[in-house]
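One structure below.
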Amino acid sequence: MRQMKKIYNIIIVFVFLLPGSIFSQETITGVHFNAAIKKYRNQHLQNILKHGKSISDTLTLPFFDDFATPSIFPNAALWVDSNAFVNTGFNPYMGNSLTDVEKSHNPPSIGVATLDALDKNGDIYSKLLPNVTGSADTLTSKHINLNFLPGDSAFLSFEYQPTGVGNAPEADDSLVLEFYSPIDTAEPWHHIWSAFGSTDKTFRKVMIAIKDTIFLQNGFRFRFINYVSLGSNYEPSWLSNCDQWNLDYIYLDTNRHINNDVYNDVSFLYPMKSVLKNSLESMPWLHFKSYGTNMIDTTIYFISRNLGSIGGLPIYNLKIRDMSGTIPVYKNGFYENVLAYSINFHRQNFSPLYPITLPVGNSAAFEFTCYLNWFNDTIPLNVDSIIPKRIRYNDTIRYYQNFDNYYAYDDGTAENGYGLSGEGTQNARMALKYKCYKRDTLQGAYMFFNNTHDDYTGNKYFYLKAWSDAGGMPDAELTSQIGEHPFFDGLNEFHFHAFESPVVIDSGATFYIGVQQTTTDMLNIGLDRNRDAHENCYYNISGSWVQSSYVGALMIRPAFGMAVANLSAENKMVKKTIEIYPNPASDKINIILPENYSSEKAVICINDICGKTIKQQHFANIINISALSPGIYFVSVTDYNKYNFTKKIIITH
C-alpha cells in the first residue's frame, strides 16, 4: 500500500476511460534536477567558494531573512549551507487582478527558500532511496550571540507553506526545526517543532519563545530539515523531485510578544511578467518588428502587500532600459496610498510612443524594473536594513524581455515535468499551438526536459513534429523528425532539436509544434507552473485531440530562420532528402530517393551514433539490417555529384 500511495501522491492524474487504454493518462511530476542551480553555480563558482569559507562569524540580533536577495542560494552572511533553493517560482503565478490572489497561499513578500529532494548542485540526493523516507535539505543559521535572559522575550518566527506549485509532501513527510545549544556537548541539536506534509497550500506563521538557558548562549544556532520519500519504482519515468516546503520571513530578536508582532514593510509579492500579448513570454525579434507594437501591452501589472499596522504613501517607479543602449532610459512613477495589512493591485502604463522596435540586429533585450521609495524616507534604496526599519530588497523587481529567434510561453524555469504514460500511449502525441507573425521557416524547436532517477528517460526516443491547424486543433502533419531523445543540459537548459526538412509557415498562420512518443513512458517535458498557456497545449492518445487540464506552460519553443522562398532553385533541390521506412525498423529498411536524384553511382553508408561505419554498399532500395544491434544509426546516401543525404533511424529487435 505504501508503494502505490506515494506514486499517486507524486502526481495529479486524470484517467481517460477509453476502450483498450484505461490506464493512459496525462501526468505531471516534480523535476529531477534544477538547471537554474547548475547554471548559477557554473557562473558564480568562485563567489560561492569564497562565501562558503566565511562560516565562523557570530551574528548579533536581529536576525532576519525574507529571501528577496538576488541569488538562488541562501544569503552566506546568515546561513552556513546552500542546500535550499531561493526562488520566486514555487509560489502561485501572478494574475492580472486581485481576484487571482489567494492571500493565504502567497508568501509575505517576494521570494521564498524551498526545501525539496535536490542537493546544492541541483541533483536529486543520492542518499535517497525508493520507498524510504529520509532527510534531504537543511537550512542552518550561522552562530548567533543569544546571550540574554529568559525575561528578554526572545522569539524566533517564520512562515512556512507545503507544496506551493510544487509537489505536496505526504502525511509521513515532515518539516523540522532544531535548536543548537553550544553548552550541550552530548546532544547539541534539539528537536523544537515539526509539521507533517499536507496538500494545504496555506502559509502559516510560527512564533517560538526561546526561554531555556541552554539556548540563550553565545553560539546559538537553528536549522530547518525536510524529510522526503521518493516513492517506488512502479513507474520509473515518474520518479523525480518531490515534497517541497517553502519558508519565508525568518526573524529572531528580543523584546517581542507573541500577540503583538508586526512588520514595517510594504513589498512586492511577485516578479514582473512579459509585456507581450497572447501569453507570449518571447517571440522572434524580426517577427516582432514586422508586426509592430500591436504585440505590446503597455500596462505593467504588479501586486504589493503592506505587512504593517500603519498605512503609507509609497512611490511606485518604473524604469525601462534597452540593453543595447540604442534607446534612452525610460522612467515614470506614481504614488498610491496603501492601507494597513492590505494587498494592493497596481497598473502602470508606459508610453506607447516608446520606440521599442528601434534596435537593429536579429535579437534584442530590455530590462524592466519596478521599485518603491517613500516620501521623507532617508534610507537609500536597495540597502538591506533590519526590522523595524523598512526592508529594502523586496522593494525591487526586475524582468528581462528577450527577443531572439523563437516563440515561448514559458519563463525558462520548470517547476514540474509533463507527459503521457500508461497503456495505449506508445504513439501518443503532444502539441503546443502558436501563431506565426511573419512568413518564415520553422527550423526546429528548443526543448527543456527534466531528468528522472538514474536517467531513465534519456533513451526514450520520440518524433519531433509540426502540424497545421483546422478548427482550433492540430490537423495535417507539416514535417517530422525521427530519432530524437531527451537531452538534459543543466547549463544551457534548453536543447535545440532541428528538422531535417524545415517548413515555411505563413504570416498569420496557426501551427503546432510537439512530439510523438515511441514508448509508454512519459518524456518529462518541462512545465512552467508560473505561466499559464494550457489552452494552447493539446494531447492525443486515442485518435482525438484534447486540451490539457494542467495550468502551466509547456517548455517547447519553435525556432525560425531564413525562409525557403529566399533560397536558390539549386539549394531548394539540395534541401530535399531521402525517405526511410519503417522507422523504427527491425529487419529491413526501404529507401526512397528525392526526385531527379540518380542512384547509378550512389553509395549507402550506415554509421553508429559514435560515427563508426557499420555497413557500406552500393545503393539498393531495400537494405537488410537484421544483423545490426538495437540502437540509433545514421543512414547516408552519397552520389557522384557529392550530394549527401542523411537520415537518422532507430533499430529495434
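Chains: A, B, ... in order of the C-alpha cells. Residues: from 1 per chain. Ligands: from 1, in order shown.
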Worksheet item: If we count only C-alpha atoms, what is near region 521-532 of chain A at a cut-off of 7 Å, once residues fewer than 4 positions away on the same chain are taken out, given as JSON, numbers by chain?
Response: {"A": [89, 92, 93, 165, 237, 410, 411, 413, 414, 415, 416, 417, 418, 419, 420, 421, 448, 449, 450, 457, 551, 552, 553, 554, 555]}
Worksheet item: Excluding same-chain residues fewer than 6 positions from region 470-486 of chain A, what lies within 7 Å of it counting only C-alpha atoms, as JSON, numbers by chain?
Response: {"A": [449, 458, 459, 460, 461, 462, 463, 464, 499, 500, 501, 503, 512, 545, 648, 649, 650]}
Discussion item. Could you list, as a PyMOL selection string, every residue within 7 Å of Asp65 (chain A), counting only C-alpha atoms and ignoring same-chain residues fewer than 6 positions away?
Written reply: chain A and resi 249-251
Could you write out the selected residues, including N, CA, C and O atoms, as a PDB file, in the first residue's frame?
```
ATOM      1  N   TYR A 249      10.278  34.867   5.656  1.00  0.00           N
ATOM      2  CA  TYR A 249      10.201  35.817   6.769  1.00  0.00           C
ATOM      3  C   TYR A 249      10.683  35.203   8.085  1.00  0.00           C
ATOM      4  O   TYR A 249       9.953  35.137   9.072  1.00  0.00           O
ATOM      5  N   ILE A 250      11.921  34.753   8.099  1.00  0.00           N
ATOM      6  CA  ILE A 250      12.525  34.175   9.299  1.00  0.00           C
ATOM      7  C   ILE A 250      13.135  35.313  10.118  1.00  0.00           C
ATOM      8  O   ILE A 250      13.991  36.053   9.634  1.00  0.00           O
ATOM      9  N   TYR A 251      12.683  35.461  11.363  1.00  0.00           N
ATOM     10  CA  TYR A 251      13.031  36.639  12.166  1.00  0.00           C
ATOM     11  C   TYR A 251      13.268  36.231  13.615  1.00  0.00           C
ATOM     12  O   TYR A 251      12.389  35.652  14.256  1.00  0.00           O
TER      13      TYR A 251
END
```
Practice prompt. Return the single residue from A:Ile72, A:Leu313, A:Ile580, A:Ala195 that is closest to Val176 (chain A), with distances computed using only C-alpha atoms.
Written response: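 Checking each candidate against Val176 (chain A), we get A:Ala195 as the closest.
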Discussion item. Run DSSP on the backbone and tell me which residues of region 276-310 of chain A come out as alpha helix (DSSP H); list them as JSON, numbers by chain.
Written reply: {"A": [285, 286, 287, 288, 289, 290, 291]}
Worksheet item: A:Lys647, A:His287, A:Lys127, A:Gly611: which is nearest Ile505 (chain A), counting only C-alpha atoms?
Response: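 Closest candidate: A:His287.
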Fill in: Point-to-point distance from CA of Ala68 (chain A) to CA of Pro328 (chain A), Å rounded to tenths
28.6 Å
Discussion item. Could you pull out the strand (DSSP E or B) residues of region 89-284 of chain A, going by DSSP on the backbone, and write them as a PyMOL selection string?
Written reply: chain A and resi 112-115+118+123-124+133-141+143-145+155-162+174-180+189-196+204-209+218-229+245-253+266-268+276+282+284
Worksheet item: Quick one: of A:Gly219, A:Pro182, A:Pro150, A:Pro62, who's nearest to Asp253 (chain A), counting only C-alpha atoms?
Response: A:Pro62
Worksheet entry | Non-local contacts of Ile556 (chain A) (8 Å; only C-alpha atoms; under 5 positions in same chain excluded) as a list in words |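 Residues meeting the cut-off are Ala408, Leu432, Ala445, Tyr446, Met447, Phe448, Ile513 and Gly514 of chain A.
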With only C-alpha atoms counted and 10 Å as the cut-off, give the residues of region 431-539 of chain A in contact with region 265-284 of chain A, each with its shortest interatomic distance in Å and the pair that gives it, as a tab-separated table.
```
residue	atom	partner	partner_atom	distance
A:Tyr434	CA	A:Leu280	CA	9.3
A:Lys435	CA	A:Asn278	CA	9.5
A:Cys436	CA	A:Met283	CA	9.3
A:Tyr437	CA	A:Pro284	CA	9.1
A:Lys438	CA	A:Pro284	CA	9.2
A:Asn530	CA	A:Lys273	CA	9.8
A:Arg531	CA	A:Ser279	CA	8.0
A:Asp532	CA	A:Ser279	CA	7.4
A:Ala533	CA	A:Ser279	CA	6.5
A:Asn536	CA	A:Ser279	CA	9.7
```
With N, CA, C and O atoms retained, export the selected residues as a PDB file, in the first residue's frame.
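Saved to out-v1.pdb:
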```pdb
ATOM      1  N   TYR A 434       0.870  27.764 -31.640  1.00  0.00           N
ATOM      2  CA  TYR A 434       1.436  29.100 -31.776  1.00  0.00           C
ATOM      3  C   TYR A 434       0.855  29.772 -33.010  1.00  0.00           C
ATOM      4  O   TYR A 434       0.387  29.103 -33.940  1.00  0.00           O
ATOM      5  N   LYS A 435       0.917  31.102 -33.034  1.00  0.00           N
ATOM      6  CA  LYS A 435       0.604  31.880 -34.220  1.00  0.00           C
ATOM      7  C   LYS A 435       1.887  32.508 -34.727  1.00  0.00           C
ATOM      8  O   LYS A 435       2.667  33.053 -33.947  1.00  0.00           O
ATOM      9  N   CYS A 436       2.120  32.428 -36.033  1.00  0.00           N
ATOM     10  CA  CYS A 436       3.328  32.993 -36.640  1.00  0.00           C
ATOM     11  C   CYS A 436       3.002  34.408 -37.135  1.00  0.00           C
ATOM     12  O   CYS A 436       1.998  34.613 -37.824  1.00  0.00           O
ATOM     13  N   TYR A 437       3.846  35.379 -36.819  1.00  0.00           N
ATOM     14  CA  TYR A 437       3.570  36.775 -37.153  1.00  0.00           C
ATOM     15  C   TYR A 437       4.425  37.293 -38.319  1.00  0.00           C
ATOM     16  O   TYR A 437       4.366  38.465 -38.639  1.00  0.00           O
ATOM     17  N   LYS A 438       5.200  36.425 -38.940  1.00  0.00           N
ATOM     18  CA  LYS A 438       5.980  36.803 -40.123  1.00  0.00           C
ATOM     19  C   LYS A 438       6.288  35.533 -40.906  1.00  0.00           C
ATOM     20  O   LYS A 438       6.673  34.517 -40.319  1.00  0.00           O
ATOM     21  N   ASN A 530       4.379  28.866 -13.392  1.00  0.00           N
ATOM     22  CA  ASN A 530       4.162  30.277 -13.109  1.00  0.00           C
ATOM     23  C   ASN A 530       3.635  31.037 -14.315  1.00  0.00           C
ATOM     24  O   ASN A 530       3.415  32.247 -14.245  1.00  0.00           O
ATOM     25  N   ARG A 531       3.481  30.372 -15.413  1.00  0.00           N
ATOM     26  CA  ARG A 531       2.864  30.951 -16.600  1.00  0.00           C
ATOM     27  C   ARG A 531       1.766  29.986 -17.041  1.00  0.00           C
ATOM     28  O   ARG A 531       1.913  28.767 -16.899  1.00  0.00           O
ATOM     29  N   ASP A 532       0.692  30.514 -17.555  1.00  0.00           N
ATOM     30  CA  ASP A 532      -0.418  29.634 -17.910  1.00  0.00           C
ATOM     31  C   ASP A 532      -0.745  29.759 -19.390  1.00  0.00           C
ATOM     32  O   ASP A 532      -1.243  30.784 -19.844  1.00  0.00           O
ATOM     33  N   ALA A 533      -0.424  28.718 -20.146  1.00  0.00           N
ATOM     34  CA  ALA A 533      -0.768  28.650 -21.564  1.00  0.00           C
ATOM     35  C   ALA A 533      -1.406  27.303 -21.867  1.00  0.00           C
ATOM     36  O   ALA A 533      -1.284  26.783 -22.972  1.00  0.00           O
ATOM     37  N   ASN A 536      -3.344  26.353 -24.958  1.00  0.00           N
ATOM     38  CA  ASN A 536      -2.630  26.111 -26.212  1.00  0.00           C
ATOM     39  C   ASN A 536      -1.961  24.735 -26.259  1.00  0.00           C
ATOM     40  O   ASN A 536      -1.276  24.416 -27.232  1.00  0.00           O
TER      41      ASN A 536
END
```
Item to complete: Find the distance between CA of Tyr301 (chain A) and CA of Leu372 (chain A) and write it in Å to one decimal.
Response: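 Going from CA of Tyr301 (chain A) over to CA of Leu372 (chain A) covers 14.3 Å.
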Discussion item. For a test of reading the model, state the distance in Å between CA of Phe222 (chain A) and CA of Asn167 (chain A), rounded to one decimal.
Written reply: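 Straight-line distance from CA of Phe222 (chain A) to CA of Asn167 (chain A) works out to 25.6 Å.
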Residues near Glu367 (chain A), anyone? I mean within 7 Å using only C-alpha atoms, not counting same-chain ones fewer than 6 positions away, as a JSON list (two decimals) with C-alpha atoms, in the first residue's frame.
```
[["chain", "number", "residue", "atom", "x", "y", "z"],
["A", 320, "ILE", "CA", 12.87, 50.57, -18.94],
["A", 321, "ARG", "CA", 16.39, 50.10, -20.26],
["A", 322, "ASP", "CA", 17.32, 48.96, -23.77],
["A", 323, "MET", "CA", 20.23, 46.57, -23.19],
["A", 398, "ARG", "CA", 13.04, 43.14, -12.49],
["A", 399, "TYR", "CA", 12.10, 41.44, -15.71],
["A", 400, "TYR", "CA", 14.23, 40.94, -18.83],
["A", 401, "GLN", "CA", 12.17, 40.96, -22.01]]
```
Worksheet item: So, counting only C-alpha atoms, which residue among A:His191, A:His143, A:Arg347, A:His497 is closest to Gly444 (chain A)?
Response: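 Ranking A:His191, A:His143, A:Arg347, A:His497 by distance to Gly444 (chain A), first place goes to A:His497.
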Need the shell around region 330-335 of chain A: protein/DNA/RNA residues with any atom at most 12 Å away, counting only C-alpha atoms. Skip same-chain ones fewer than 5 positions apart. Format as a PDB file with C-alpha atoms, in the first residue's frame?
```
ATOM      1  CA  ILE A 300       2.706  46.865 -16.304  1.00  0.00           C
ATOM      2  CA  GLY A 312       1.667  54.726   3.788  1.00  0.00           C
ATOM      3  CA  LEU A 313       2.219  56.550   0.558  1.00  0.00           C
ATOM      4  CA  PRO A 314       4.865  54.664  -1.445  1.00  0.00           C
ATOM      5  CA  ILE A 315       6.038  55.876  -4.847  1.00  0.00           C
ATOM      6  CA  TYR A 316       5.920  53.118  -7.482  1.00  0.00           C
ATOM      7  CA  ASN A 317       8.629  53.693 -10.069  1.00  0.00           C
ATOM      8  CA  LEU A 318       9.061  52.083 -13.494  1.00  0.00           C
ATOM      9  CA  LYS A 319      12.299  52.110 -15.478  1.00  0.00           C
ATOM     10  CA  ILE A 320      12.872  50.570 -18.938  1.00  0.00           C
ATOM     11  CA  ARG A 321      16.395  50.098 -20.256  1.00  0.00           C
ATOM     12  CA  ASP A 322      17.315  48.964 -23.769  1.00  0.00           C
ATOM     13  CA  GLY A 325      21.857  51.295 -25.438  1.00  0.00           C
ATOM     14  CA  HIS A 346      -1.335  48.269  -9.350  1.00  0.00           C
ATOM     15  CA  ARG A 347      -1.229  49.147 -13.026  1.00  0.00           C
ATOM     16  CA  GLN A 348       1.298  51.472 -14.587  1.00  0.00           C
ATOM     17  CA  ASN A 349       1.334  52.475 -18.252  1.00  0.00           C
ATOM     18  CA  PHE A 350       4.482  53.191 -20.169  1.00  0.00           C
ATOM     19  CA  SER A 351       4.251  55.428 -23.195  1.00  0.00           C
ATOM     20  CA  PRO A 352       3.064  53.697 -26.406  1.00  0.00           C
ATOM     21  CA  LEU A 353       5.429  56.115 -28.143  1.00  0.00           C
ATOM     22  CA  TYR A 354       8.443  54.422 -26.544  1.00  0.00           C
ATOM     23  CA  PRO A 355      10.283  53.149 -29.682  1.00  0.00           C
ATOM     24  CA  ILE A 356      10.740  49.558 -28.544  1.00  0.00           C
ATOM     25  CA  PHE A 366      15.005  45.167 -22.489  1.00  0.00           C
ATOM     26  CA  GLU A 367      15.245  45.440 -18.692  1.00  0.00           C
ATOM     27  CA  PHE A 368      12.010  46.423 -16.913  1.00  0.00           C
ATOM     28  CA  THR A 369      12.461  47.499 -13.265  1.00  0.00           C
ATOM     29  CA  CYS A 370       9.823  48.449 -10.688  1.00  0.00           C
ATOM     30  CA  TYR A 371      10.910  49.808  -7.317  1.00  0.00           C
ATOM     31  CA  LEU A 372       9.437  51.577  -4.284  1.00  0.00           C
ATOM     32  CA  ASN A 373      10.531  54.626  -2.393  1.00  0.00           C
ATOM     33  CA  TRP A 374       8.821  56.844   0.144  1.00  0.00           C
ATOM     34  CA  PHE A 375       8.153  60.471   0.889  1.00  0.00           C
TER      35      PHE A 375
END
```
